[in-house]
Structures are given as structure tokens and as C-alpha cells.
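input_27.tsv follows (TSV, C-alpha atoms):
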chain	number	residue	atom	x	y	z
H	19	MET	CA	137.37	-33.66	28.76
H	20	LYS	CA	140.33	-32.78	26.52
H	21	ALA	CA	139.34	-35.45	23.98
H	22	LYS	CA	135.80	-34.03	23.88
H	23	LYS	CA	137.20	-30.50	23.33
H	24	ILE	CA	139.24	-31.73	20.37
H	25	ASP	CA	136.17	-33.44	18.89
H	26	ILE	CA	134.12	-30.24	19.09
H	27	LYS	CA	136.93	-28.29	17.49
H	28	LYS	CA	137.18	-30.85	14.67
H	29	PHE	CA	133.41	-30.82	14.22
H	30	VAL	CA	133.33	-27.02	14.02
H	31	SER	CA	136.30	-27.00	11.67
H	32	ASN	CA	134.77	-29.58	9.34
H	33	ASN	CA	131.32	-28.02	9.35
H	34	ALA	CA	132.05	-24.30	9.77
H	35	ILE	CA	130.03	-23.23	6.74
H	36	ILE	CA	127.04	-25.39	7.64
H	37	ILE	CA	127.05	-24.00	11.19
H	38	LEU	CA	127.37	-20.43	9.90
H	39	VAL	CA	124.49	-20.78	7.46
H	40	PHE	CA	122.38	-22.54	10.10
H	41	ILE	CA	122.87	-19.58	12.46
H	42	LEU	CA	122.01	-17.20	9.61
H	43	MET	CA	118.89	-19.23	8.88
H	44	MET	CA	117.77	-19.02	12.52
H	45	ILE	CA	118.36	-15.26	12.61
H	46	THR	CA	116.47	-14.83	9.32
H	47	GLY	CA	113.64	-17.10	10.42
H	48	PHE	CA	113.02	-15.26	13.67
H	49	SER	CA	113.46	-11.76	12.31
H	50	THR	CA	111.38	-12.00	9.13
H	51	LYS	CA	107.87	-13.11	8.31
H	52	ASN	CA	107.15	-16.14	6.13
H	53	PHE	CA	110.67	-17.56	6.16
H	54	PHE	CA	109.53	-20.71	7.94
H	55	SER	CA	106.53	-21.19	5.67
H	56	ALA	CA	105.32	-23.85	3.26
H	57	ASP	CA	105.66	-21.49	0.29
H	58	ASN	CA	109.27	-20.74	1.08
H	59	PHE	CA	110.03	-24.41	1.61
H	60	LYS	CA	108.45	-25.17	-1.76
H	61	ASN	CA	110.51	-22.40	-3.35
H	62	LEU	CA	113.68	-23.76	-1.74
H	63	LEU	CA	113.00	-27.27	-3.06
H	64	ALA	CA	112.25	-25.94	-6.54
H	65	ASN	CA	115.49	-23.91	-6.62
H	66	MET	CA	117.56	-26.74	-5.20
H	67	SER	CA	116.40	-29.53	-7.48
H	68	PRO	CA	118.02	-28.59	-10.82
H	69	ARG	CA	121.15	-27.40	-9.00
H	70	PHE	CA	121.41	-30.68	-7.14
H	71	ILE	CA	121.14	-32.60	-10.41
H	72	LEU	CA	123.84	-30.39	-11.92
H	73	ALA	CA	126.04	-30.87	-8.86
H	74	CYS	CA	125.64	-34.66	-9.09
H	75	GLY	CA	126.97	-34.47	-12.63
H	76	VAL	CA	129.93	-32.31	-11.61
H	77	SER	CA	130.71	-34.47	-8.59
H	78	GLY	CA	131.99	-37.37	-10.69
H	79	CYS	CA	134.45	-35.03	-12.39
H	80	LEU	CA	135.64	-33.62	-9.05
H	81	ILE	CA	136.01	-37.06	-7.45
H	82	THR	CA	138.38	-38.06	-10.27
H	83	LYS	CA	140.39	-34.88	-9.66
H	84	GLY	CA	138.93	-33.14	-12.67
H	85	THR	CA	136.41	-30.38	-13.10
H	86	ASP	CA	133.77	-29.35	-15.59
H	87	LEU	CA	133.52	-25.65	-16.30
H	88	SER	CA	131.11	-26.26	-19.17
H	89	ALA	CA	128.30	-27.43	-16.87
H	90	GLY	CA	126.45	-24.13	-16.70
H	91	ARG	CA	126.61	-23.42	-20.42
H	92	GLN	CA	125.56	-26.97	-21.23
H	93	ALA	CA	122.56	-26.56	-18.96
H	94	GLY	CA	121.81	-23.28	-20.72
H	95	LEU	CA	121.99	-24.92	-24.13
H	96	ALA	CA	119.75	-27.73	-22.90
H	97	ALA	CA	117.24	-25.17	-21.62
H	98	CYS	CA	117.26	-23.39	-25.00
H	99	LEU	CA	116.90	-26.63	-26.97
H	100	SER	CA	114.04	-27.76	-24.72
H	101	ALA	CA	112.40	-24.37	-25.11
H	102	MET	CA	112.66	-24.53	-28.90
H	103	MET	CA	111.08	-27.98	-29.04
H	104	LEU	CA	108.33	-27.26	-26.52
H	105	GLN	CA	106.94	-23.94	-27.71
H	106	LYS	CA	103.20	-23.74	-28.32
H	107	LEU	CA	102.17	-24.53	-31.88
H	108	ASP	CA	100.28	-21.24	-32.18
H	109	TYR	CA	103.01	-19.11	-30.57
H	110	SER	CA	103.81	-16.19	-32.86
H	111	ALA	CA	107.57	-16.25	-32.21
H	112	ARG	CA	107.89	-20.04	-32.54
H	113	VAL	CA	111.40	-20.92	-33.69
H	114	LEU	CA	110.93	-24.42	-35.13
H	115	THR	CA	107.76	-23.78	-37.09
H	116	TRP	CA	108.07	-27.10	-38.92
H	117	LEU	CA	108.24	-29.20	-35.74
H	118	PRO	CA	105.05	-30.96	-34.59
H	119	SER	CA	104.11	-31.16	-30.94
H	120	ILE	CA	106.46	-33.50	-29.04
H	121	PRO	CA	105.74	-34.94	-25.58
H	122	TRP	CA	108.04	-33.43	-22.97
H	123	PRO	CA	109.58	-36.80	-21.89
H	124	VAL	CA	110.81	-37.27	-25.46
H	125	VAL	CA	112.32	-33.78	-25.48
H	126	LEU	CA	113.98	-34.51	-22.13
H	127	LEU	CA	115.55	-37.64	-23.58
H	128	ILE	CA	116.69	-35.79	-26.68
H	129	VAL	CA	118.44	-33.02	-24.73
H	130	MET	CA	120.02	-35.56	-22.37
H	131	VAL	CA	121.42	-37.49	-25.34
H	132	ILE	CA	122.75	-34.30	-26.97
H	133	MET	CA	124.38	-33.11	-23.76
H	134	GLY	CA	125.67	-36.63	-23.12
H	135	CYS	CA	127.45	-36.48	-26.48
H	136	ILE	CA	129.01	-33.15	-25.53
H	137	GLY	CA	130.04	-34.66	-22.21
H	138	ALA	CA	131.54	-37.66	-24.01
H	139	ILE	CA	133.59	-35.27	-26.17
H	140	ASN	CA	134.88	-33.67	-22.97
H	141	GLY	CA	135.73	-37.12	-21.63
H	142	CYS	CA	137.55	-38.13	-24.80
H	143	VAL	CA	139.60	-34.94	-24.88
H	144	ILE	CA	140.57	-35.41	-21.23
H	145	ALA	CA	141.12	-39.17	-21.31
H	146	PHE	CA	142.71	-39.65	-24.74
H	147	LEU	CA	144.43	-36.35	-25.39
H	148	LYS	CA	145.40	-35.86	-21.74
H	149	VAL	CA	144.29	-32.23	-21.86
H	150	PRO	CA	143.82	-30.95	-18.28
H	151	PRO	CA	140.10	-30.97	-17.44
H	152	PHE	CA	140.20	-27.28	-16.55
H	153	ILE	CA	141.38	-26.36	-20.06
H	154	ALA	CA	139.26	-28.90	-21.94
H	155	THR	CA	136.02	-27.92	-20.24
H	156	LEU	CA	136.82	-24.22	-20.38
H	157	GLY	CA	137.15	-24.55	-24.14
H	158	MET	CA	133.94	-26.54	-24.33
H	159	GLN	CA	132.18	-23.87	-22.25
H	160	THR	CA	132.98	-21.26	-24.87
H	161	ILE	CA	132.07	-23.56	-27.76
H	162	VAL	CA	128.70	-24.44	-26.21
H	163	TYR	CA	127.96	-20.77	-25.53
H	164	GLY	CA	128.73	-19.89	-29.13
H	165	ALA	CA	126.59	-22.77	-30.37
H	166	CYS	CA	123.73	-21.60	-28.16
H	167	GLN	CA	123.97	-18.09	-29.60
H	168	ILE	CA	123.89	-19.45	-33.14
H	169	ILE	CA	120.98	-21.83	-32.49
H	170	THR	CA	118.82	-19.26	-30.72
H	171	ASN	CA	119.94	-16.32	-32.85
H	172	ASN	CA	120.43	-14.55	-29.53
H	173	GLN	CA	116.67	-14.31	-29.04
H	174	PRO	CA	115.03	-15.16	-25.71
H	175	LEU	CA	112.63	-18.07	-25.90
H	176	GLY	CA	109.19	-18.38	-24.35
H	177	GLY	CA	105.61	-19.40	-25.13
H	178	PHE	CA	105.96	-22.91	-23.71
H	179	GLU	CA	103.34	-25.59	-23.91
H	180	ASP	CA	101.28	-26.04	-20.78
H	181	SER	CA	102.49	-29.62	-20.33
H	182	TYR	CA	106.07	-28.33	-20.08
H	183	LEU	CA	105.16	-25.53	-17.66
H	184	VAL	CA	103.36	-27.99	-15.38
H	185	VAL	CA	106.63	-29.93	-14.92
H	186	GLY	CA	108.26	-26.83	-13.47
H	187	ARG	CA	105.34	-25.43	-11.52
H	188	GLY	CA	103.30	-28.44	-10.49
H	189	VAL	CA	103.27	-29.59	-6.87
H	190	ILE	CA	102.26	-32.72	-4.98
H	191	LEU	CA	100.51	-32.43	-1.62
H	192	SER	CA	100.68	-28.63	-1.99
H	193	ILE	CA	104.31	-28.54	-0.94
H	194	ILE	CA	106.54	-30.88	-2.97
H	195	PRO	CA	107.34	-29.57	-6.45
H	196	TYR	CA	107.53	-32.04	-9.33
H	197	LEU	CA	111.13	-30.82	-9.76
H	198	ALA	CA	111.99	-32.37	-6.40
H	199	ILE	CA	110.83	-35.76	-7.66
H	200	PHE	CA	113.41	-35.58	-10.45
H	201	ALA	CA	116.06	-34.64	-7.89
H	202	VAL	CA	115.13	-37.53	-5.59
H	203	ILE	CA	115.28	-40.06	-8.44
H	204	ILE	CA	118.66	-38.74	-9.59
H	205	GLY	CA	119.96	-38.65	-6.02
H	206	LEU	CA	118.97	-42.26	-5.43
H	207	TYR	CA	120.48	-43.29	-8.77
H	208	PHE	CA	123.78	-41.59	-8.01
H	209	TRP	CA	123.88	-43.06	-4.50
H	210	PHE	CA	123.44	-46.51	-6.04
H	211	LEU	CA	125.99	-45.79	-8.76
H	212	TYR	CA	128.64	-44.48	-6.37
H	213	ASN	CA	128.19	-47.11	-3.68
H	214	LYS	CA	126.93	-50.29	-5.27
H	215	THR	CA	128.43	-50.51	-8.74
H	216	ARG	CA	131.83	-51.20	-10.21
H	217	HIS	CA	131.74	-47.85	-11.97
H	218	GLY	CA	131.54	-46.14	-8.58
H	219	LYS	CA	134.45	-48.12	-7.21
H	220	TYR	CA	136.52	-47.39	-10.31
H	221	MET	CA	135.70	-43.70	-9.99
H	222	TYR	CA	136.91	-43.50	-6.39
H	223	ALA	CA	139.96	-45.61	-7.26
H	224	ILE	CA	140.93	-43.22	-10.06
H	225	GLY	CA	140.40	-40.27	-7.74
H	226	GLY	CA	142.56	-41.86	-5.04
H	227	ASN	CA	145.46	-42.98	-7.22
H	228	GLU	CA	145.05	-43.18	-10.98
H	229	ASN	CA	148.22	-45.17	-11.58
H	230	ALA	CA	147.34	-47.72	-8.92
H	231	ALA	CA	143.84	-48.01	-10.34
H	232	GLN	CA	145.28	-48.68	-13.78
H	233	VAL	CA	147.69	-51.26	-12.42
H	234	ALA	CA	144.75	-52.90	-10.65
H	235	GLY	CA	143.02	-53.30	-13.99
H	236	VAL	CA	140.66	-50.33	-14.07
H	237	ASN	CA	140.04	-49.03	-17.59
H	238	VAL	CA	140.74	-45.42	-16.68
H	239	VAL	CA	139.98	-44.04	-20.14
H	240	ALA	CA	136.58	-45.72	-20.41
H	241	THR	CA	135.64	-44.74	-16.86
H	242	LEU	CA	136.54	-41.09	-17.38
H	243	ILE	CA	134.54	-40.95	-20.60
H	244	ARG	CA	131.55	-42.51	-18.83
H	245	ILE	CA	131.84	-39.98	-16.00
H	246	TYR	CA	131.83	-36.97	-18.32
H	247	LEU	CA	129.11	-38.49	-20.50
H	248	LEU	CA	126.89	-39.03	-17.47
H	249	ALA	CA	127.69	-35.52	-16.27
H	250	GLY	CA	126.58	-34.16	-19.64
H	251	MET	CA	123.30	-36.03	-19.38
H	252	MET	CA	122.73	-34.53	-15.95
H	253	TYR	CA	123.36	-31.03	-17.31
H	254	GLY	CA	120.79	-31.80	-19.99
H	255	MET	CA	118.20	-32.73	-17.40
H	256	ALA	CA	119.08	-29.76	-15.20
H	257	GLY	CA	118.77	-27.39	-18.16
H	258	PHE	CA	115.41	-28.88	-19.11
H	259	LEU	CA	114.14	-28.29	-15.56
H	260	ILE	CA	115.63	-24.79	-15.34
H	261	GLY	CA	113.82	-23.85	-18.52
H	262	THR	CA	110.44	-24.99	-17.30
H	263	LYS	CA	110.89	-23.46	-13.87
H	264	ALA	CA	111.81	-20.08	-15.31
H	265	GLY	CA	109.16	-20.22	-18.02
H	266	GLY	CA	111.75	-19.00	-20.50
H	267	ALA	CA	115.29	-19.56	-21.74
H	268	SER	CA	118.04	-17.52	-23.30
H	269	THR	CA	121.78	-17.63	-23.91
H	270	ALA	CA	122.25	-16.25	-20.39
H	271	THR	CA	120.51	-19.25	-18.81
H	272	GLY	CA	122.84	-21.34	-16.71
H	273	PHE	CA	125.58	-18.73	-16.56
H	274	GLY	CA	127.77	-19.35	-13.50
H	275	TYR	CA	125.89	-22.47	-12.44
H	276	GLU	CA	129.05	-24.60	-12.69
H	277	LEU	CA	130.82	-22.49	-10.07
H	278	GLU	CA	127.85	-22.81	-7.74
H	279	ALA	CA	127.80	-26.56	-8.33
H	280	ILE	CA	131.54	-26.88	-7.65
H	281	ALA	CA	131.21	-24.71	-4.54
H	282	ALA	CA	128.26	-26.78	-3.32
H	283	CYS	CA	130.22	-29.99	-3.87
H	284	THR	CA	133.21	-28.57	-1.99
H	285	ILE	CA	131.01	-27.43	0.90
H	286	GLY	CA	129.48	-30.90	0.96
H	287	GLY	CA	132.82	-32.63	1.30
H	288	VAL	CA	133.71	-33.54	-2.28
H	289	SER	CA	137.39	-32.78	-2.14
H	290	ALA	CA	139.15	-31.05	-5.02
H	291	ASN	CA	141.95	-33.55	-4.29
H	292	GLY	CA	139.74	-36.34	-5.50
H	293	GLY	CA	138.77	-39.76	-4.23
H	294	VAL	CA	136.29	-38.40	-1.69
H	295	GLY	CA	132.64	-37.45	-1.96
H	296	LYS	CA	129.17	-38.63	-1.06
H	297	VAL	CA	125.75	-37.90	-2.52
H	298	SER	CA	124.52	-36.83	0.91
H	299	GLY	CA	127.38	-34.33	1.05
H	300	ILE	CA	126.40	-32.94	-2.35
H	301	LEU	CA	122.82	-32.54	-1.15
H	302	ILE	CA	123.97	-30.72	1.98
H	303	GLY	CA	126.25	-28.48	-0.05
H	304	VAL	CA	123.48	-27.49	-2.46
H	305	LEU	CA	121.06	-27.00	0.43
H	306	VAL	CA	123.51	-24.77	2.30
H	307	PHE	CA	124.16	-22.62	-0.76
H	308	GLU	CA	120.46	-22.22	-1.57
H	309	VAL	CA	119.54	-21.50	2.05
H	310	LEU	CA	122.28	-18.88	2.12
H	311	LYS	CA	120.85	-17.17	-0.97
H	312	ILE	CA	117.30	-17.27	0.33
H	313	CYS	CA	118.36	-15.94	3.76
H	314	LEU	CA	120.18	-13.01	2.20
H	315	GLN	CA	117.15	-12.34	0.01
H	316	PHE	CA	114.75	-12.41	2.96
H	317	LEU	CA	117.01	-10.14	5.00
H	318	GLY	CA	116.89	-7.62	2.19
H	319	VAL	CA	120.65	-7.65	1.70
H	320	ASP	CA	121.75	-5.58	-1.29
H	321	PRO	CA	122.29	-7.95	-4.27
H	322	ALA	CA	125.87	-6.81	-4.83
H	323	TYR	CA	126.76	-7.77	-1.26
H	324	THR	CA	125.02	-11.12	-1.81
H	325	PHE	CA	127.43	-11.97	-4.63
H	326	ILE	CA	130.44	-10.98	-2.52
H	327	ALA	CA	129.16	-13.01	0.44
H	328	GLN	CA	128.70	-16.08	-1.78
H	329	GLY	CA	132.23	-15.64	-3.08
H	330	VAL	CA	133.58	-15.48	0.46
H	331	VAL	CA	131.72	-18.69	1.32
H	332	ILE	CA	133.34	-20.41	-1.68
H	333	ILE	CA	136.80	-19.29	-0.52
H	334	VAL	CA	136.05	-20.54	3.01
H	335	ALA	CA	134.99	-23.90	1.54
H	336	VAL	CA	138.28	-24.22	-0.36
H	337	ALA	CA	140.28	-23.06	2.68
H	338	LEU	CA	138.60	-25.74	4.80
H	339	ASP	CA	139.37	-28.34	2.12
H	340	LEU	CA	142.99	-27.20	2.13
H	341	ARG	CA	143.07	-27.42	5.92
H	342	LYS	CA	141.78	-31.00	5.82
H	343	TYR	CA	144.47	-31.90	3.23
H	344	LEU	CA	147.29	-30.33	5.25
H	345	ALA	CA	146.03	-31.77	8.56
H	346	LYS	CA	146.11	-35.26	7.00
H	347	LYS	CA	149.71	-34.75	5.85
Y	26	MET	CA	143.72	-46.97	-27.04
Y	27	SER	CA	145.06	-47.85	-30.55
Y	28	MET	CA	148.52	-49.29	-31.19
Y	29	ASP	CA	149.62	-46.05	-32.82
Y	30	GLU	CA	148.77	-43.86	-29.86
Y	31	LYS	CA	151.51	-43.19	-27.39
Y	32	ASP	CA	150.66	-43.85	-23.83
Y	33	THR	CA	152.28	-40.94	-22.06
Y	34	ARG	CA	151.36	-42.17	-18.63
Y	35	PRO	CA	154.28	-43.63	-16.64
Y	36	SER	CA	154.50	-47.39	-16.99
Y	37	PRO	CA	153.78	-49.21	-13.73
Y	38	GLU	CA	157.03	-51.19	-14.10
Y	39	GLU	CA	159.24	-48.16	-14.64
Y	40	PRO	CA	160.58	-46.52	-11.51
Y	41	MET	CA	159.48	-42.92	-11.05
Y	42	PRO	CA	162.32	-40.37	-11.37
Y	43	PRO	CA	163.46	-39.05	-7.97
Y	44	SER	CA	161.82	-35.79	-7.01
Y	45	ALA	CA	164.07	-32.73	-6.90
Y	46	GLU	CA	162.24	-31.40	-3.82
Y	47	SER	CA	162.31	-34.40	-1.52
Y	48	PRO	CA	163.93	-37.85	-1.65
Y	49	GLU	CA	161.51	-40.63	-2.53
Y	50	PRO	CA	161.56	-43.63	-0.20
Y	51	GLN	CA	162.70	-46.96	-1.59
Y	52	GLU	CA	159.70	-48.80	-3.03
Y	53	SER	CA	158.93	-52.42	-2.43
Y	54	PRO	CA	157.71	-54.33	-5.51
Y	55	ASP	CA	154.25	-54.73	-3.91
Y	56	GLU	CA	153.61	-51.00	-3.38
Y	57	ALA	CA	151.59	-48.98	-5.89
Y	58	PRO	CA	153.80	-46.72	-8.01
Y	59	PRO	CA	153.83	-43.11	-6.82
Y	60	ARG	CA	151.56	-40.98	-8.94
Y	61	PRO	CA	152.45	-37.59	-10.37
Y	62	LYS	CA	150.80	-34.82	-8.42
Y	63	ARG	CA	147.80	-33.07	-9.90
Y	64	PRO	CA	147.72	-29.27	-10.26
Y	65	ILE	CA	145.36	-28.86	-7.27
Y	66	GLU	CA	147.69	-30.95	-5.09
Y	67	ARG	CA	150.70	-28.96	-6.28
Y	68	PHE	CA	148.72	-25.83	-5.40
Y	69	TYR	CA	147.84	-27.20	-1.96
Y	70	ASP	CA	151.44	-28.31	-1.39
Y	71	LYS	CA	152.58	-24.68	-1.64
Y	72	PHE	CA	150.86	-24.17	1.71
Y	73	GLU	CA	152.68	-27.05	3.42
Y	74	GLY	CA	154.85	-24.65	5.41
Y	75	VAL	CA	151.83	-22.72	6.67
Y	76	PRO	CA	150.93	-23.71	10.24
Y	77	LEU	CA	147.37	-24.94	10.71
Y	78	LYS	CA	146.83	-22.24	13.33
Y	79	ALA	CA	147.53	-19.55	10.73
Y	80	LEU	CA	145.04	-21.21	8.38
Y	81	ASP	CA	142.49	-21.28	11.19
Y	82	ILE	CA	143.04	-17.55	11.73
Y	83	PHE	CA	142.61	-16.92	7.99
Y	84	ILE	CA	139.37	-18.89	7.96
Y	85	GLY	CA	138.23	-16.97	11.03
Y	86	ILE	CA	138.96	-13.68	9.27
Y	87	LEU	CA	136.95	-14.81	6.24
Y	88	ILE	CA	134.01	-15.75	8.43
Y	89	ALA	CA	134.22	-12.36	10.16
Y	90	ALA	CA	134.32	-10.72	6.70
Y	91	PHE	CA	131.21	-12.68	5.72
Y	92	ILE	CA	129.35	-11.46	8.80
Y	93	ILE	CA	130.43	-7.85	8.16
Y	94	LEU	CA	129.32	-8.16	4.51
Y	95	VAL	CA	125.89	-9.45	5.51
Y	96	VAL	CA	125.46	-6.64	8.03
Y	97	LEU	CA	126.64	-3.98	5.54
Y	98	GLY	CA	124.45	-5.46	2.80
Y	99	TYR	CA	121.47	-5.44	5.16
Y	100	LEU	CA	122.07	-1.81	6.07
Y	101	LYS	CA	122.54	-0.86	2.42
Y	102	GLY	CA	119.49	-2.87	1.33
Y	103	HIS	CA	117.34	-1.05	3.91
Y	104	GLU	CA	118.90	2.31	2.95
Y	105	ILE	CA	120.25	2.88	6.45
Y	106	ILE	CA	123.71	3.71	5.02

What would the structure in this file look like if it were written as C-alpha cells?
Amino acid sequence: MKAKKIDIKKFVSNNAIIILVFILMMITGFSTKNFFSADNFKNLLANMSPRFILACGVSGCLITKGTDLSAGRQAGLAACLSAMMLQKLDYSARVLTWLPSIPWPVVLLIVMVIMGCIGAINGCVIAFLKVPPFIATLGMQTIVYGACQIITNNQPLGGFEDSYLVVGRGVILSIIPYLAIFAVIIGLYFWFLYNKTRHGKYMYAIGGNENAAQVAGVNVVATLIRIYLLAGMMYGMAGFLIGTKAGGASTATGFGYELEAIAACTIGGVSANGGVGKVSGILIGVLVFEVLKICLQFLGVDPAYTFIAQGVVIIVAVALDLRKYLAKK
Amino acid sequence: MSMDEKDTRPSPEEPMPPSAESPEPQESPDEAPPRPKRPIERFYDKFEGVPLKALDIFIGILIAAFIILVVLGYLKGHEII
């Protein structure tokens, strides 16, 4: 009986946030109309998908004991670049008037390559120059924001082509948004990458003990650059999807998304200490955070209190991570 | 890495300098060299003296604060307060 009690305590301790949000979800579901509805489920999936992709990108940085504070701004820049390349030809406020119509998959590839290059720069600064990831990515965050302001001339962007809008608003079987398909593909890819490839093993090895990994023959520099490059590509995809979902883009797009992504990863078990993290955990973390936001919205909670509540959840996530670290010691 | 660039990471063959805070155990040649602690670990290590029970109480207080915030936000959102 005592052993069972300890297991329950450990379970509650490890999953406190998930249990809390689950209880909140039940209360919201039974006290409000339409919470448990197909429309709300569709909305949840649509909100989760780009954030999950962003969190997958950030997770590699966290697993190797780094971080990427430029994620949100990179996604914002990607959204703005996508918007500029996918505006209707006859739109009066079209920015790139000289550009012919480009298919959206080509634009997606272009923004992923551009953001991948920015991610690679982050990786090089961190791996070669040994600048702490917090500082390197904080600097890049500001640079990307400035670049976005210059490129867009601080004007909001809209007037998208219908083919682009369909990506963000289309659904399959009346309930599964197209955005979710992107998220599923990325999730499966990252699961494969983290669990079945050498890159994944190197990543966890670096996160566990960088010196030991290097002694064992892991090319730490190349792996770190690959991680940040891949993260950049994910921010590019996330930004592309955020733009189409919102139907518009501006320099404010993506603001704060990196903190949400880091919080979601932490809630999902990706430790800030590195070496630990699963794609399923990332998915749970993003789901918990989005469900929390939707619950507070449905309950009619004042928006200011929503922000404070989200902040408290982030602190609880870090406190639980700290508790796990100290309990292990 | 080019020949001109200095590798500032500790060499695996060089012994790590003894820590000022706690004595390092004698290493066997087969063990992985101890790694320098990252900022987040150094931050977490500051809480080493904190009993887990106190941390549990802190987490409990945060959860209670979350519940109070949701209730207050609900009341404010519905203009009850």
C-alpha cells in the first residue's frame, strides 16, 4: 500500500500541470456550451499545429542545453515573407509588384531555406564562437525583428491568394484542418529523427554530457549547427502556417511564441538541463498550453488574468523540472 | 574547426581543475571527463539546500495562486467584481 501511495505521489508530482488543466477542461466543458464540439476541436487543432511545429524546432535546442529566443521573431519574419510573396496580383497594396504568381509550396520552401540560413547562423555563433545560446539567440531575435520592420516598412500585410488561404482554413472530413496534416508530418519526422537516426543519438549525447560525446567521436559543432538550422526551417514553416491561418501578417506576428514553445516543451518533459525530451511530450505540452488558453477564453476570464495565469503555469513547469533535477541528485 | 582557431573546450586528456566548492572524486582513466556545469545547472544547484518538501509547498502555493487567478479573472470577466 505504501509503495502504491508513493507511485501516486510521483505521478501527481510529474504531471501536476496536466492534471490541473484536465480538471479545468472538465469544469469548462460542463459549465459552458460548445466546448466539447467539433468546431472547438477544429479550432484547437488549428491553433496547436503551427505551435507544435515551432516547439519541435525549439526542442532540439533545449535538449542540447541551449535555447532559441529568436523562434517567435523568425516565425514572424517567415509569415511576412510568405505574405509578401503570396499576395493577390490585383491587390492594391501589393508589396512586390514585380513578382509573378508563385505556387505556395515554392514559397514555403523559400521561407524554410531563408529561416534555415538564419538558424545556421545561430548554430555557427553558438558552436564556433561559444557564445551562450541565450545571448546569441537574443541578439538574433532583435536583428530579425529589425529586418522584418525594414522589409515590410512596418505595414501590415494582407490580400492573400485564395490558394494560400485554403492551406490555413481548409479542412478534411469537416473536422481536421490542413494545418494539422503539416503538424502530423513534422511530428512523425521528428520522432524518426530523434529515435532512429544518428543525429538524434548525437543530440541526446551532447545534451547528456558534451565532453563525453566529443570524446566518443561526436562532431559536436556540426550537430549543433544542424540542430539550429533545422529549428530555423521549422520556424519558417510555422510562420508560413501562422500567416495563412490569420489571413494577415505584420511585424507583431509571432511575438512571444518562443516563450510559449519553451514552456510547452518544459511542460512536456523536455528538461532545461538537457539530454531528455520526447516528441510525444512536446505534443502534450503544446496541447496542455492551448487547452488552457481555450478554457480560459470559454470561461470568459479577463484577458489580463489569462496572461498572469499562463505565466504562473510556466513557473510551475520550471519548478517541477527543478524538483525532478534535485530529486535525482 | 580550422588550425588557427583555438579550441577553448577542455581537452579530454587534461584533468579538470578541482572545484572550490566540493572535492572531485579521483577519476579512473575509463570514466568520461567531468563536464563544466551549464548556467541552468548552476542556477538549479543554488537550490540544492532547499528540501523537496519546501519545493512541494512552493509548487502547491503556485497552483493555489493559479486557481485564485482563474476565479478572479472569471469574476472580473463577468463584471461580478

I'd like to know which of H:Phe200, H:Phe146, H:Phe210, H:Tyr163 is closest to chain Y, using only C-alpha atoms. H:Phe146

CA of Ala96 (chain H) to CA of Gly254 (chain H), distance in Å rounded to a single decimal: 5.1 Å

Taking all atoms listed in the file into account, what are the residues of chain H at most 6 Å from chain Y, put as a ChimeraX atom specification? /H:229-230,318-320,323,327

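The closest residue to Ala145 (chain H), picked from H:Gln105, H:Asn237, H:Asn213, H:Asn65 and counting only C-alpha atoms, is H:Asn237.
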
Write out as a PyMOL selection string each polymer residue whose atoms come within 12 Å of His217 (chain H), counting only C-alpha atoms; drop sequence neighbours fewer than 3 positions from it. chain H and resi 78+82+208-214+220-224+236-238+240-245+248

Separation of CA of Ser31 (chain H) from CA of Ile82 (chain Y), in Å and rounded to one decimal: 11.6 Å

Every residue with an atom at most 8 Å from (127.7, -35.7, -18.8) (file coordinates; all atoms listed in the file) is what I'm after, so could you write them as a ChimeraX atom specification? /H:75,133-138,244-253

Please compute the CA of Lys148 (chain H)-CA of Val336 (chain H) distance, one decimal, in Å. 25.4 Å

Skipping near chain neighbours, those fewer than 6 positions away, what residues fall within 7 Å of region 184-190 of chain H using all atoms listed in the file, listed as number ranges by chain? H: 196-197, 259, 262-263

Skip region 169-172 of chain H itself and residues of its chain fewer than 6 positions away, then list as a count of residues only all residues within 9 Å of it, counting all atoms listed in the file. 7

Identify, on the basis of all atoms listed in the file, every residue whose closest approach to Ile193 (chain H) does not exceed 8 Å; exclude the query and any residue fewer than 4 positions from it along the same chain; express the result as a PyMOL selection string. chain H and resi 56-57+59-60+189
